[in-house]
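These notes are about the structure you will find just below.
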Amino acid sequence: MAGSFVPLVYAAGRPKVGMGTASLDVRKVDAGGHPVVIGPDALRVLDQEIGSASTASAFFILGDTNTLRHCLPELLAHVPTLREASTIAVPPGEPSKSLAVCQDIWRHLMDSEADRKCHLINLGGGVISDLGGFIAATYKRGITFHNVPTSVMGMVDASIGGKTGIDLFGVKNMVGAFHDPAAAYIHPMFLKSLGKRELMNGVAEMVKHGLVQDAKHWDAVRTAPLQDLGTLALLIEHSAEIKAGIVKRDPREHDQRKVLNFGHTIGHGIEAHSWESPHRSLLHGEAVVAGMVCETWLSWRTGSLDRGAHDQVVEHLLDLYPTYRMESSDPHRIIALMRNDKKNSEGSFRFSLLTDIGEAKVDVAISAAQIQEALEHYRSLVKGHSRKA
Ligand code: GLY
C-alpha cells in the first residue's frame, strides 16, 4: 500500500497570518485551555516560549524510536533551547501506553532528579501525546508539557484538548486525566516522510471532523490531493481549528465535545478486538473508520440520517480504507470489550450519531442488540465489497 503512494511535496503555499511577530509564518488558534500554534514557523514560536521560560529547571523530550530518529534533528534545528535536553525513548505503537512504560519514564525522571519545574516535550503521534500528557499530569502531581505532534493523527486530534491516558487490561484509555499542554505546535514538515498508512490513519479523524461539524470540510478532505503537503497542511489547519473550537466550547466533555466520539464507540471495541490477534491489529484511525461505517448505519437505522447521506459516507469510507473481516462470533466479543467504555452511562451505550453530513447529536442510547445488528451489517458489507483505492 505505502509503495504506491506519491511522496509528499510542499507545493501549495499557506497564507501568512501574524501573531504579534509579523515575520513568523504561523497561526494561533485558541483551544480554551491552551493555544494551538500552526504553520512553518511553529517550532520557532516554541523556541521563543521555552527560551523565555526562565523558570524551567530542565527539559525532557519524550519520543518513540522512530520520531527520535526522524524528527528530533528537525526539532533541534528549529529549537536550539532544547539542544541540552535529555531524551526519553519508548517503543513505537500502542503497547507503549502501558503502566510498565509509565513506570520506566517516572523512574527516568526521578533518577534525573527532575523537579516540578521541569518541562516535558512530547515529540510524536497520538501515542506519545496521550502517554506523555499522562506522565506530565501525574509526575509530582503535574508538570508543564508541550505537544509537538509528528503525525496527522497527532496534529488534528491527540495533541489538542488535554485528554491524556494509557490503556489498561486491553481497554483503551482506561486510566487518564485531563491535563492541558502549555501549547500544541503543529509543524507540517514533519509529515514529509510519512507513509500512506500512517497518513490515512490521521485523515480518518479529519473525515470525522467534517462529518460531525463541517460538510464543506468533508467534501474538501475526500476530494483533495492529500499527497500534496501544502494542500494537506491547509486541511490539517482547518481540522485542528474545528477540534480546537469544539474543545474550547466544552473542554471537559460534558456535552458538545462528545460529537468527537462519533465512530469511536464501536471503533474502540473493534480496535481492542484487533489487538487480540496481533497479525490483524488495526491502527486507531482504521478502527474508527470501521466504527464510523457502523455508526453511520445506526444513524440511518434510528431515523436521524437519510439514506442518501448514509450511502455517500459509507461508500467513501469503504473505498478508501481497509476493512475489518470478522467471524460470526466476533460481534459478541466486540460488544463485551465495549462494556468498559467511558462513554457508557447508567448501564447503556451512549452514541454520538449523525443527523446530516456536517451535523451530529450526542448521548443517543443504543442497546447491545442494535450494536450487534450494526456489526452484522458491517460484516455483510465487507463480504460484498471490493475496494477501489
Ligand atoms: N479525541 C476526542 C477528543 O479529544 O475529545
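Numbering starts fresh at 1 for the residues of each chain in the C-alpha cells, the chains themselves are lettered A, B, ... in the order given, and ligands are numbered from 1 as they appear.
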If you take only C-alpha atoms and a cut-off of 9 Å, which residues of stretch 162-198 of chain A touch stretch 130-152 of chain A, and what are their nearest atom pairs and distances in Å to one decimal, in chain and number order, as JSON lines?
```
{"residue": "A:Gly162", "atom": "CA", "partner": "A:Gly133", "partner_atom": "CA", "distance": 7.6}
{"residue": "A:Lys163", "atom": "CA", "partner": "A:Asp130", "partner_atom": "CA", "distance": 6.9}
{"residue": "A:Thr164", "atom": "CA", "partner": "A:Asp130", "partner_atom": "CA", "distance": 4.4}
{"residue": "A:Gly165", "atom": "CA", "partner": "A:Phe134", "partner_atom": "CA", "distance": 5.1}
{"residue": "A:Ile166", "atom": "CA", "partner": "A:Leu131", "partner_atom": "CA", "distance": 6.1}
{"residue": "A:Asn173", "atom": "CA", "partner": "A:Asp130", "partner_atom": "CA", "distance": 8.5}
{"residue": "A:Val175", "atom": "CA", "partner": "A:Phe134", "partner_atom": "CA", "distance": 8.9}
{"residue": "A:Gly176", "atom": "CA", "partner": "A:Phe134", "partner_atom": "CA", "distance": 6.2}
{"residue": "A:Ala177", "atom": "CA", "partner": "A:Phe134", "partner_atom": "CA", "distance": 6.7}
{"residue": "A:Phe178", "atom": "CA", "partner": "A:Ala137", "partner_atom": "CA", "distance": 7.8}
{"residue": "A:His179", "atom": "CA", "partner": "A:Ala137", "partner_atom": "CA", "distance": 5.7}
{"residue": "A:Asp180", "atom": "CA", "partner": "A:Gly133", "partner_atom": "CA", "distance": 7.9}
{"residue": "A:Pro181", "atom": "CA", "partner": "A:Phe145", "partner_atom": "CA", "distance": 5.1}
{"residue": "A:Ala182", "atom": "CA", "partner": "A:His146", "partner_atom": "CA", "distance": 5.4}
{"residue": "A:Ala183", "atom": "CA", "partner": "A:His146", "partner_atom": "CA", "distance": 5.5}
{"residue": "A:Ala184", "atom": "CA", "partner": "A:Asn147", "partner_atom": "CA", "distance": 4.6}
{"residue": "A:Tyr185", "atom": "CA", "partner": "A:Val148", "partner_atom": "CA", "distance": 5.2}
{"residue": "A:Ile186", "atom": "CA", "partner": "A:Pro149", "partner_atom": "CA", "distance": 6.3}
{"residue": "A:His187", "atom": "CA", "partner": "A:Thr150", "partner_atom": "CA", "distance": 7.7}
{"residue": "A:Pro188", "atom": "CA", "partner": "A:Thr150", "partner_atom": "CA", "distance": 7.9}
{"residue": "A:Met189", "atom": "CA", "partner": "A:Thr150", "partner_atom": "CA", "distance": 8.7}
{"residue": "A:Phe190", "atom": "CA", "partner": "A:Thr150", "partner_atom": "CA", "distance": 5.5}
{"residue": "A:Leu191", "atom": "CA", "partner": "A:Ser151", "partner_atom": "CA", "distance": 6.4}
{"residue": "A:Leu194", "atom": "CA", "partner": "A:Ser151", "partner_atom": "CA", "distance": 7.6}
{"residue": "A:Glu198", "atom": "CA", "partner": "A:Ser151", "partner_atom": "CA", "distance": 7.4}
```
The selected residues should be written to file as an mmCIF file, in the first residue's frame (atoms: N, CA and C atoms).
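Output file part15.cif follows:
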```cif
data_model
loop_
_atom_site.group_PDB
_atom_site.id
_atom_site.type_symbol
_atom_site.label_atom_id
_atom_site.label_comp_id
_atom_site.auth_asym_id
_atom_site.auth_seq_id
_atom_site.Cartn_x
_atom_site.Cartn_y
_atom_site.Cartn_z
ATOM 1 N N GLY A 162 -6.134 18.330 25.786
ATOM 2 C CA GLY A 162 -5.805 17.930 27.153
ATOM 3 C C GLY A 162 -6.270 16.561 27.601
ATOM 4 N N LYS A 163 -6.722 15.700 26.670
ATOM 5 C CA LYS A 163 -7.030 14.328 27.097
ATOM 6 C C LYS A 163 -5.719 13.557 27.141
ATOM 7 N N THR A 164 -5.429 12.935 28.266
ATOM 8 C CA THR A 164 -4.206 12.147 28.386
ATOM 9 C C THR A 164 -4.588 10.783 28.957
ATOM 10 N N GLY A 165 -3.777 9.773 28.732
ATOM 11 C CA GLY A 165 -4.115 8.492 29.340
ATOM 12 C C GLY A 165 -3.360 7.325 28.754
ATOM 13 N N ILE A 166 -3.558 6.193 29.407
ATOM 14 C CA ILE A 166 -2.932 4.942 28.965
ATOM 15 C C ILE A 166 -4.002 3.843 28.927
ATOM 16 N N ASN A 173 -7.419 3.728 26.791
ATOM 17 C CA ASN A 173 -7.561 4.977 27.564
ATOM 18 C C ASN A 173 -8.351 4.782 28.860
ATOM 19 N N VAL A 175 -7.252 4.605 31.950
ATOM 20 C CA VAL A 175 -6.770 5.422 33.064
ATOM 21 C C VAL A 175 -6.194 6.699 32.475
ATOM 22 N N GLY A 176 -6.608 7.833 32.995
ATOM 23 C CA GLY A 176 -6.083 9.069 32.423
ATOM 24 C C GLY A 176 -6.557 10.285 33.172
ATOM 25 N N ALA A 177 -6.250 11.439 32.617
ATOM 26 C CA ALA A 177 -6.626 12.699 33.265
ATOM 27 C C ALA A 177 -6.743 13.776 32.188
ATOM 28 N N PHE A 178 -7.544 14.770 32.469
ATOM 29 C CA PHE A 178 -7.492 15.969 31.636
ATOM 30 C C PHE A 178 -6.326 16.808 32.153
ATOM 31 N N HIS A 179 -5.386 17.132 31.287
ATOM 32 C CA HIS A 179 -4.248 17.979 31.687
ATOM 33 C C HIS A 179 -3.800 18.705 30.419
ATOM 34 N N ASP A 180 -4.000 20.006 30.392
ATOM 35 C CA ASP A 180 -3.709 20.751 29.161
ATOM 36 C C ASP A 180 -2.214 20.958 28.963
ATOM 37 N N PRO A 181 -1.763 20.827 27.711
ATOM 38 C CA PRO A 181 -0.372 21.214 27.430
ATOM 39 C C PRO A 181 -0.252 22.737 27.515
ATOM 40 N N ALA A 182 0.991 23.226 27.642
ATOM 41 C CA ALA A 182 1.186 24.680 27.563
ATOM 42 C C ALA A 182 0.735 25.145 26.181
ATOM 43 N N ALA A 183 1.023 24.338 25.169
ATOM 44 C CA ALA A 183 0.572 24.612 23.793
ATOM 45 C C ALA A 183 0.831 23.382 22.943
ATOM 46 N N ALA A 184 0.151 23.325 21.784
ATOM 47 C CA ALA A 184 0.478 22.325 20.756
ATOM 48 C C ALA A 184 1.087 23.088 19.588
ATOM 49 N N TYR A 185 2.179 22.573 19.041
ATOM 50 C CA TYR A 185 2.907 23.236 17.949
ATOM 51 C C TYR A 185 2.846 22.335 16.720
ATOM 52 N N ILE A 186 2.146 22.785 15.702
ATOM 53 C CA ILE A 186 1.937 21.936 14.523
ATOM 54 C C ILE A 186 2.850 22.393 13.384
ATOM 55 N N HIS A 187 3.793 21.514 13.058
ATOM 56 C CA HIS A 187 4.839 21.800 12.075
ATOM 57 C C HIS A 187 4.657 20.779 10.946
ATOM 58 N N PRO A 188 3.894 21.137 9.886
ATOM 59 C CA PRO A 188 3.531 20.117 8.881
ATOM 60 C C PRO A 188 4.720 19.460 8.190
ATOM 61 N N MET A 189 5.899 20.103 8.189
ATOM 62 C CA MET A 189 7.051 19.490 7.508
ATOM 63 C C MET A 189 7.454 18.142 8.114
ATOM 64 N N PHE A 190 7.054 17.877 9.357
ATOM 65 C CA PHE A 190 7.334 16.558 9.939
ATOM 66 C C PHE A 190 6.701 15.442 9.113
ATOM 67 N N LEU A 191 5.679 15.801 8.313
ATOM 68 C CA LEU A 191 4.934 14.757 7.600
ATOM 69 C C LEU A 191 5.600 14.331 6.305
ATOM 70 N N LEU A 194 6.164 10.652 5.893
ATOM 71 C CA LEU A 194 5.122 9.747 6.418
ATOM 72 C C LEU A 194 4.615 8.793 5.331
ATOM 73 N N GLU A 198 0.078 5.533 7.650
ATOM 74 C CA GLU A 198 0.088 6.476 8.779
ATOM 75 C C GLU A 198 -0.696 7.747 8.435
#
```
| field | Near-stretch 284-288 of chain A list (12 Å; only C-alpha atoms; drop same-chain fewer than 5 positions) as number ranges by chain | value | A: 93-94, 125-127, 151-154, 156-158, 172, 197-208, 260-275, 293-296, 317-318, 320-325, 334
Would you list the contacts of A:Gln48 as a PDB file with C-alpha atoms, in the first residue's frame, taking every protein, DNA or RNA residue within 12 Å and counting only C-alpha atoms, but skipping same-chain residues closer than 3 positions in sequence?
```
ATOM      1  CA  THR A  21       5.520  38.836  15.399  1.00  0.00           C
ATOM      2  CA  LEU A  24       6.605  34.458  11.702  1.00  0.00           C
ATOM      3  CA  ASP A  41       7.373  28.706  11.920  1.00  0.00           C
ATOM      4  CA  ALA A  42       5.522  26.928  14.739  1.00  0.00           C
ATOM      5  CA  LEU A  43       8.746  25.491  16.167  1.00  0.00           C
ATOM      6  CA  ARG A  44      10.342  28.933  16.241  1.00  0.00           C
ATOM      7  CA  VAL A  45       7.459  30.030  18.449  1.00  0.00           C
ATOM      8  CA  GLY A  51      13.588  30.154  25.796  1.00  0.00           C
ATOM      9  CA  SER A  52      11.842  32.804  27.833  1.00  0.00           C
ATOM     10  CA  ALA A  53      10.542  30.241  30.373  1.00  0.00           C
ATOM     11  CA  SER A  54      13.327  31.111  32.788  1.00  0.00           C
ATOM     12  CA  HIS A  78      14.438  24.933  14.969  1.00  0.00           C
ATOM     13  CA  VAL A  79      14.516  24.898  18.763  1.00  0.00           C
ATOM     14  CA  PRO A  80      18.102  25.435  19.936  1.00  0.00           C
ATOM     15  CA  THR A  81      16.889  25.825  23.523  1.00  0.00           C
ATOM     16  CA  LEU A  82      16.357  22.043  23.544  1.00  0.00           C
TER      17      LEU A  82
END
```
| task | Do a neighbour search on stretch 371-387 of chain A at 6 Å with only C-alpha atoms, toss out local chain neighbours closer than 2 positions, and write the hits as a PyMOL selection string. | result | chain A and resi 294+319+331+368-369+389
| query | Using only C-alpha atoms and all ligand atoms, which of the listed residues (A:Leu232, A:Met338, A:Met155, A:Leu305) sits closest to ligand 1? | reply | A:Met155
| said: When DSSP is applied to the backbone of this structure, which of stretch 47-197 of chain A are assigned helix (DSSP H, G or I)? Write them out as a PyMOL selection string. | reply: chain A and resi 47-51+65-70+72-78+80-82+94-96+99-111+126-141+152-158+188-193+196-197
| message | Could you check the closest approach to A:Ser348 for each of A:Val364, A:Arg333, A:Ala100, A:Ile236 and tell me which residue wins, using only C-alpha atoms? | response | A:Val364
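A straight line drawn from atom CA of A:Cys118 to atom CA of A:Ala56 is 5.3 Å long.
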